[in-house]
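**Q** Just one file: data_5.txt, with compact mmCIF, C-alpha atoms.
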```txt
# COMPACT_ATOMS: atom_id res chain seq x y z
CA MET A 281 -23.44 -10.83 -9.96
CA ASP A 282 -22.96 -7.35 -11.41
CA ILE A 283 -22.47 -5.45 -8.17
CA SER A 284 -19.53 -3.32 -7.09
CA ILE A 285 -18.48 -1.60 -3.88
CA ASN A 286 -15.93 1.20 -4.29
CA GLY A 287 -15.07 -0.27 -7.68
CA ALA A 288 -14.41 -3.77 -6.31
CA ARG A 289 -16.54 -6.49 -7.86
CA VAL A 290 -18.69 -8.52 -5.46
CA TYR A 291 -17.99 -12.22 -5.96
CA PHE A 292 -20.85 -13.53 -3.84
CA GLU A 293 -22.86 -12.83 -0.70
CA ILE A 294 -23.13 -14.78 2.55
CA PRO A 295 -26.87 -15.01 3.35
CA VAL A 296 -26.24 -16.60 6.75
CA PHE A 297 -24.69 -13.34 7.98
CA GLY A 298 -27.30 -11.01 6.54
CA GLY A 299 -26.05 -11.00 2.97
CA ILE A 300 -22.52 -9.78 3.72
CA PRO A 301 -20.79 -9.15 0.36
CA VAL A 302 -17.48 -10.82 -0.42
CA THR A 303 -15.57 -8.48 -2.74
CA ALA A 304 -12.53 -8.82 -4.95
CA THR A 305 -10.65 -6.70 -2.41
CA GLN A 306 -11.27 -9.22 0.37
CA VAL A 307 -10.51 -12.27 -1.74
CA ASN A 308 -7.34 -10.83 -3.27
CA SER A 309 -6.16 -9.51 0.11
CA ILE A 310 -6.44 -13.02 1.53
CA LEU A 311 -4.51 -14.37 -1.46
CA VAL A 312 -1.73 -11.83 -0.85
CA ILE A 313 -1.59 -12.71 2.86
CA LEU A 314 -1.42 -16.43 2.05
CA LEU A 315 1.28 -15.79 -0.53
CA ILE A 316 3.43 -13.75 1.86
CA THR A 317 2.89 -16.23 4.71
CA SER A 318 3.86 -19.16 2.50
CA LEU A 319 6.94 -17.32 1.27
CA CYS A 320 8.01 -16.52 4.85
CA ILE A 321 7.53 -20.13 5.94
CA TRP A 322 9.55 -21.36 2.96
CA LEU A 323 12.37 -18.85 3.47
CA THR A 324 12.69 -19.51 7.21
CA HIS A 325 12.36 -23.28 7.05
CA ASP A 326 15.27 -25.29 8.46
CA LEU A 327 17.55 -22.33 9.20
CA LYS A 328 21.19 -22.92 10.17
CA VAL A 329 23.57 -20.88 12.32
CA ARG A 330 25.65 -20.36 9.21
CA PRO A 331 23.69 -20.04 5.97
CA THR A 332 24.22 -23.00 3.66
CA THR A 333 21.45 -22.33 1.14
CA LYS A 334 20.53 -19.44 -1.15
CA ARG A 335 17.10 -19.46 0.46
CA GLN A 336 18.52 -18.61 3.90
CA ILE A 337 20.86 -16.01 2.37
CA VAL A 338 17.87 -14.27 0.77
CA ALA A 339 15.94 -14.42 4.05
CA GLU A 340 18.81 -12.91 6.03
CA TRP A 341 19.34 -10.23 3.36
CA LEU A 342 15.68 -9.18 3.57
CA VAL A 343 15.79 -9.00 7.37
CA GLU A 344 19.02 -6.99 7.31
CA LYS A 345 17.60 -4.50 4.78
CA VAL A 346 14.38 -3.87 6.74
CA THR A 347 16.32 -3.69 10.02
CA GLY A 348 18.70 -1.16 8.50
CA LEU A 349 15.75 0.87 7.23
CA VAL A 350 14.22 0.99 10.72
CA ASP A 351 17.55 1.77 12.40
CA SER A 352 18.30 4.65 10.06
CA ASN A 353 14.84 6.24 10.27
CA MET A 354 13.68 5.42 13.79
CA GLY A 355 16.71 4.36 15.80
CA VAL A 356 18.01 1.09 17.18
CA GLN A 357 15.59 1.31 20.11
CA PHE A 358 12.69 0.82 17.68
CA ARG A 359 13.82 -2.53 16.26
CA SER A 360 10.63 -4.12 17.56
CA PHE A 361 8.89 -2.35 14.65
CA VAL A 362 10.83 -4.32 12.03
CA PRO A 363 7.99 -6.90 11.58
CA LEU A 364 5.40 -4.11 11.22
CA VAL A 365 7.44 -2.23 8.63
CA ALA A 366 8.18 -5.45 6.73
CA ALA A 367 4.47 -6.32 6.76
CA ILE A 368 3.48 -2.90 5.41
CA LEU A 369 6.10 -3.03 2.65
CA SER A 370 5.22 -6.56 1.53
CA LEU A 371 1.44 -6.19 1.78
CA SER A 372 1.37 -2.89 -0.07
CA ALA A 373 3.78 -3.89 -2.83
CA CYS A 374 2.28 -7.34 -3.44
CA SER A 375 -1.29 -6.02 -3.36
CA SER A 376 -0.49 -3.39 -5.99
CA LEU A 377 1.50 -5.82 -8.14
CA LEU A 378 -1.59 -8.03 -8.55
CA ALA A 379 -2.55 -5.64 -11.35
CA LEU A 380 0.24 -7.19 -13.44
CA LEU A 381 -1.74 -10.44 -13.40
CA GLY A 382 -4.92 -8.69 -14.45
CA MET A 383 -6.37 -9.00 -10.94
CA TYR A 384 -8.00 -6.26 -8.88
CA ALA A 385 -5.39 -4.59 -6.66
CA PRO A 386 -6.61 -4.31 -3.02
CA THR A 387 -4.72 -1.01 -2.73
CA ALA A 388 -7.08 0.42 -5.37
CA ASP A 389 -9.81 0.13 -2.72
CA LEU A 390 -9.82 3.04 -0.26
CA ASN A 391 -11.06 0.73 2.52
CA THR A 392 -7.79 -1.22 2.44
CA VAL A 393 -5.31 1.64 2.74
CA LEU A 394 -7.59 3.54 5.14
CA GLY A 395 -7.58 0.52 7.45
CA TRP A 396 -3.76 0.49 7.40
CA ALA A 397 -3.66 4.23 8.04
CA LEU A 398 -6.03 3.95 11.01
CA LEU A 399 -3.87 1.20 12.50
CA VAL A 400 -0.81 3.43 12.19
CA PHE A 401 -2.76 6.36 13.64
CA ALA A 402 -3.74 4.23 16.66
CA LEU A 403 -0.05 3.43 17.24
CA ILE A 404 0.89 7.10 16.90
CA THR A 405 -1.73 8.11 19.46
CA TYR A 406 -0.70 5.31 21.82
CA TYR A 407 2.95 6.37 21.83
CA LYS A 408 2.08 10.04 22.24
CA ILE A 409 0.04 9.23 25.35
CA LYS A 410 2.65 6.76 26.62
CA THR A 411 5.48 9.26 26.19
CA ASN A 412 3.84 12.48 27.38
CA GLY A 413 0.95 11.19 29.49
CA PHE A 414 -2.72 11.72 28.72
CA GLY A 415 -2.58 15.27 30.09
CA GLY A 416 0.46 16.07 28.01
CA TYR A 417 -1.25 14.61 24.93
CA LEU A 418 -4.26 16.89 25.42
CA LYS A 419 -2.01 19.84 26.19
CA SER A 420 -0.20 19.38 22.88
CA PHE A 421 -3.35 20.48 21.06
CA THR A 422 -3.13 23.90 22.73
CA THR A 423 0.42 24.67 21.59
CA PRO A 424 1.78 27.18 20.86
CA ILE A 425 -1.37 29.01 21.98
CA VAL A 426 -4.92 27.91 22.86
CA VAL A 427 -6.36 29.59 19.76
CA PHE A 428 -4.58 26.98 17.62
CA THR A 429 -6.47 24.06 19.25
CA PRO A 430 -8.99 23.53 16.40
CA PHE A 431 -6.21 23.60 13.82
CA ASN A 432 -4.11 21.14 15.83
CA ILE A 433 -7.08 18.77 16.09
CA LEU A 434 -7.63 18.98 12.34
CA GLY A 435 -3.95 18.36 11.78
CA GLU A 436 -4.11 15.26 13.97
CA ILE A 437 -7.13 13.87 12.14
CA SER A 438 -5.59 14.63 8.76
CA THR A 439 -2.70 12.22 9.41
CA PRO A 440 -4.52 8.96 8.57
CA VAL A 441 -6.60 10.69 5.90
CA SER A 442 -3.55 12.01 4.05
CA MET A 443 -1.72 8.67 4.33
CA ALA A 444 -4.70 6.75 2.95
CA PHE A 445 -5.61 9.12 0.12
CA ARG A 446 -1.98 9.55 -0.98
CA HIS A 447 -1.53 5.81 -1.41
CA PHE A 448 -5.01 5.20 -2.84
CA GLY A 449 -4.83 8.16 -5.22
CA ASN A 450 -1.51 7.17 -6.75
CA VAL A 451 -2.59 3.57 -7.34
CA VAL A 452 -5.97 4.49 -8.84
CA SER A 453 -4.59 7.34 -10.94
CA GLY A 454 -2.07 4.92 -12.49
CA SER A 455 -4.86 2.51 -13.42
CA VAL A 456 -7.01 5.29 -14.86
CA ILE A 457 -4.16 6.77 -16.92
CA SER A 458 -3.22 3.33 -18.28
CA ALA A 459 -6.84 2.65 -19.29
CA LEU A 460 -7.21 6.05 -20.97
CA VAL A 461 -3.95 5.69 -22.91
CA TYR A 462 -4.90 2.13 -23.96
CA ALA A 463 -8.27 3.35 -25.29
CA ALA A 464 -6.67 6.35 -27.01
CA LEU A 465 -4.11 4.12 -28.74
CA ALA A 466 -6.90 1.88 -30.01
CA ALA A 467 -8.72 4.86 -31.52
CA LEU A 468 -5.51 6.28 -32.97
CA SER A 469 -4.53 2.91 -34.42
CA ASN A 470 -7.92 2.61 -36.09
CA LEU A 471 -7.55 6.13 -37.50
CA VAL A 472 -4.04 5.57 -38.86
CA PHE A 473 -4.25 1.96 -40.03
CA GLY A 474 -8.00 1.55 -40.50
CA TRP A 475 -7.62 2.01 -44.26
CA LEU A 476 -5.65 -1.23 -44.60
CA PRO A 477 -7.61 -4.05 -46.27
CA GLY A 478 -9.10 -7.00 -44.41
CA LEU A 479 -7.88 -8.01 -40.97
CA LEU A 480 -4.87 -5.69 -41.17
CA GLY A 481 -7.13 -2.70 -40.70
CA LYS A 482 -8.55 -4.18 -37.50
CA ILE A 483 -5.24 -4.94 -35.77
CA PRO A 484 -4.47 -2.31 -33.05
CA PHE A 485 -0.80 -1.90 -33.96
CA LEU A 486 -0.26 1.06 -31.62
CA GLN A 487 -1.46 -0.94 -28.62
CA VAL A 488 1.54 -3.23 -28.91
CA GLY A 489 4.40 -2.34 -26.58
CA ILE A 490 3.37 1.09 -25.31
CA PRO A 491 0.83 -0.18 -22.70
CA ALA A 492 3.48 -2.62 -21.46
CA VAL A 493 5.91 0.25 -20.83
CA LEU A 494 3.22 2.14 -18.90
CA SER A 495 2.47 -1.00 -16.91
CA VAL A 496 6.12 -1.30 -15.90
CA TYR A 497 5.98 2.20 -14.45
CA PHE A 498 2.53 2.30 -12.87
CA ASP A 499 2.25 -1.34 -11.78
CA VAL A 500 5.85 -2.04 -10.77
CA PHE A 501 7.84 1.13 -10.07
CA SER A 502 4.97 3.22 -8.70
CA SER A 503 3.64 0.32 -6.61
CA CYS A 504 6.99 -0.21 -4.90
CA ILE A 505 7.48 3.54 -4.40
CA GLN A 506 4.07 3.92 -2.74
CA ALA A 507 4.78 0.97 -0.44
CA PHE A 508 8.10 2.55 0.54
CA ILE A 509 6.52 5.98 1.15
CA PHE A 510 3.76 4.51 3.34
CA ALA A 511 6.33 2.59 5.37
CA MET A 512 8.54 5.68 5.69
CA LEU A 513 5.64 7.81 6.94
CA THR A 514 4.75 5.08 9.44
CA MET A 515 8.28 5.01 10.84
CA LEU A 516 8.67 8.79 11.00
CA TYR A 517 5.27 9.41 12.62
CA ILE A 518 5.73 6.71 15.26
CA ALA A 519 9.32 7.75 16.05
CA SER A 520 8.17 11.36 16.39
CA ALA A 521 5.26 10.33 18.64
CA ALA A 522 7.61 8.36 20.91
CA THR A 523 9.90 11.36 21.38
CA PRO A 524 9.06 13.49 24.48
CA GLU A 525 7.86 16.96 23.59
CA GLU A 526 9.98 19.86 24.79
CA GLU A 527 8.50 22.06 27.51
```
Is it possible to give me this structure as structure tokens?
**A**
Amino acid sequence: MDISINGARVYFEIPVFGGIPVTATQVNSILVILLITSLCIWLTHDLKVRPTTKRQIVAEWLVEKVTGLVDSNMGVQFRSFVPLVAAILSLSACSSLLALLGMYAPTADLNTVLGWALLVFALITYYKIKTNGFGGYLKSFTTPIVVFTPFNILGEISTPVSMAFRHFGNVVSGSVISALVYAALAALSNLVFGWLPGLLGKIPFLQVGIPAVLSVYFDVFSSCIQAFIFAMLTMLYIASAATPEEE
């Protein structure tokens, strides 16, 4: 079925539910969730008070690192957010790294990262209301003066939008740049070595090695950086929302 939604290929449709499309984003997201869940179950299976296996040592190291990240950016009182931050880091990184296997990365679909951003925005709003009261939350839009209210509202709405588009844009731009360079190398290779006789003139010599280096940056380094940035923004926004505003 040659159909796509936001660049994600539709695998099939469910006629029972009105022809709901099942896209590569949905299928690959489920695969990532199953992978992370299986890994967590394996790492936390049969834990001991004192670690006796490398598996438990790795599990404790991961928990300590995420806990330290939350403590240093949010404070010890926000340790309940450790699972959320760990989920964001693992989901984002693993989803983007699917590109290394030639699979469609769910983070290359705006719907995915926008859903995460809206969830974070809901938490931000909840803690603002919880900390300052509903009246205080509404009053914050009128600071420092009432004239700034429209700008404050736009600033509030821009939070999930900026988070989503920043993550989505970096992932997609990496894929586009890699594809353009790969195509350019093929054309350049044909121009430089096309004069060689027989099959030698058809071998894309310049496509060997260089695309792999780009993949290491865009698919590995950039993917992990974007996951870290999204998690950092989540922690900073929520910690800020949970801090009482000064009168």
**Q** Using all atoms listed in the file, which residues of segment 366-460 of chain A come within 10 Å of segment 314-327 of chain A, and what is the closest atom pair for each, with the distance in Å to one decimal? Give it as a tab-separated table, sorted by chain and residue number.
**A**
```
residue	atom	partner	partner_atom	distance
A:Ala367	CA	A:Ile316	CA	9.0
A:Ser370	CA	A:Ile316	CA	7.4
A:Leu371	CA	A:Ile316	CA	7.8
A:Cys374	CA	A:Ile316	CA	8.4
```
**Q** For Thr439 of chain A, please output as a ChimeraX atom specification all residues within 10 Å (counting all atoms listed in the file; exclusion window: fewer than 5 positions along the same chain).
**A** /A:397-398,400-401,404,434,444,513,517
**Q** So which residues are close to (-2.0, 6.0, 11.2), meaning at most 12 Å away in the file's coordinates with all atoms listed in the file counted, and can you show them as a ChimeraX atom specification?
**A** /A:368,393-407,436-444,510-518,521
**Q** List as a PyMOL selection string the protein and nucleic acid residues near segment 354-359 of chain A, meaning an atom at most 7 Å away when only C-alpha atoms are counted, but skip any in the same chain fewer than 3 places from it.
**A** chain A and resi 347+350-351+362+515-516+519
**Q** Listing only residues of segment 329-417 of chain A within 7 Å of segment 303-311 of chain A, what is the closest atom pair and its distance in Å (to one decimal) for each, using all atoms listed in the file, sorted by chain and residue number ascending, as a Markdown table?
**A**
```
| residue | atom | partner | partner_atom | distance |
| --- | --- | --- | --- | --- |
| A:Ser375 | CA | A:Ser309 | CA | 6.9 |
| A:Tyr384 | CA | A:Ala304 | CA | 6.5 |
| A:Pro386 | CA | A:Thr305 | CA | 4.7 |
| A:Asp389 | CA | A:Thr305 | CA | 6.9 |
```
**Q** For segment 357-370 of chain A, I'd like the enclosing box, axis-aligned and padded by 6 Å on every side, reported as AutoDock Vina command-line options with centre and edge lengths in Å to one decimal.
**A**
```
--center_x 9.5 --center_y -2.8 --center_z 10.8 --size_x 24.1 --size_y 20.2 --size_z 30.6
```
**Q** Tell me, as an mmCIF file with C-alpha atoms, in the coordinates of the input, which residues lie within 10 Å of Val346 of chain A, counting all atoms listed in the file; anything in the same chain fewer than 2 positions away does not count.
**A**
```cif
data_model
loop_
_atom_site.group_PDB
_atom_site.id
_atom_site.type_symbol
_atom_site.label_atom_id
_atom_site.label_comp_id
_atom_site.auth_asym_id
_atom_site.auth_seq_id
_atom_site.Cartn_x
_atom_site.Cartn_y
_atom_site.Cartn_z
ATOM 1 C CA TRP A 341 19.340 -10.230 3.360
ATOM 2 C CA LEU A 342 15.680 -9.180 3.570
ATOM 3 C CA VAL A 343 15.790 -9.000 7.370
ATOM 4 C CA GLU A 344 19.020 -6.990 7.310
ATOM 5 C CA GLY A 348 18.700 -1.160 8.500
ATOM 6 C CA LEU A 349 15.750 0.870 7.230
ATOM 7 C CA VAL A 350 14.220 0.990 10.720
ATOM 8 C CA ASP A 351 17.550 1.770 12.400
ATOM 9 C CA SER A 352 18.300 4.650 10.060
ATOM 10 C CA ARG A 359 13.820 -2.530 16.260
ATOM 11 C CA PHE A 361 8.890 -2.350 14.650
ATOM 12 C CA VAL A 362 10.830 -4.320 12.030
ATOM 13 C CA PRO A 363 7.990 -6.900 11.580
ATOM 14 C CA VAL A 365 7.440 -2.230 8.630
ATOM 15 C CA ALA A 366 8.180 -5.450 6.730
ATOM 16 C CA LEU A 369 6.100 -3.030 2.650
#
```
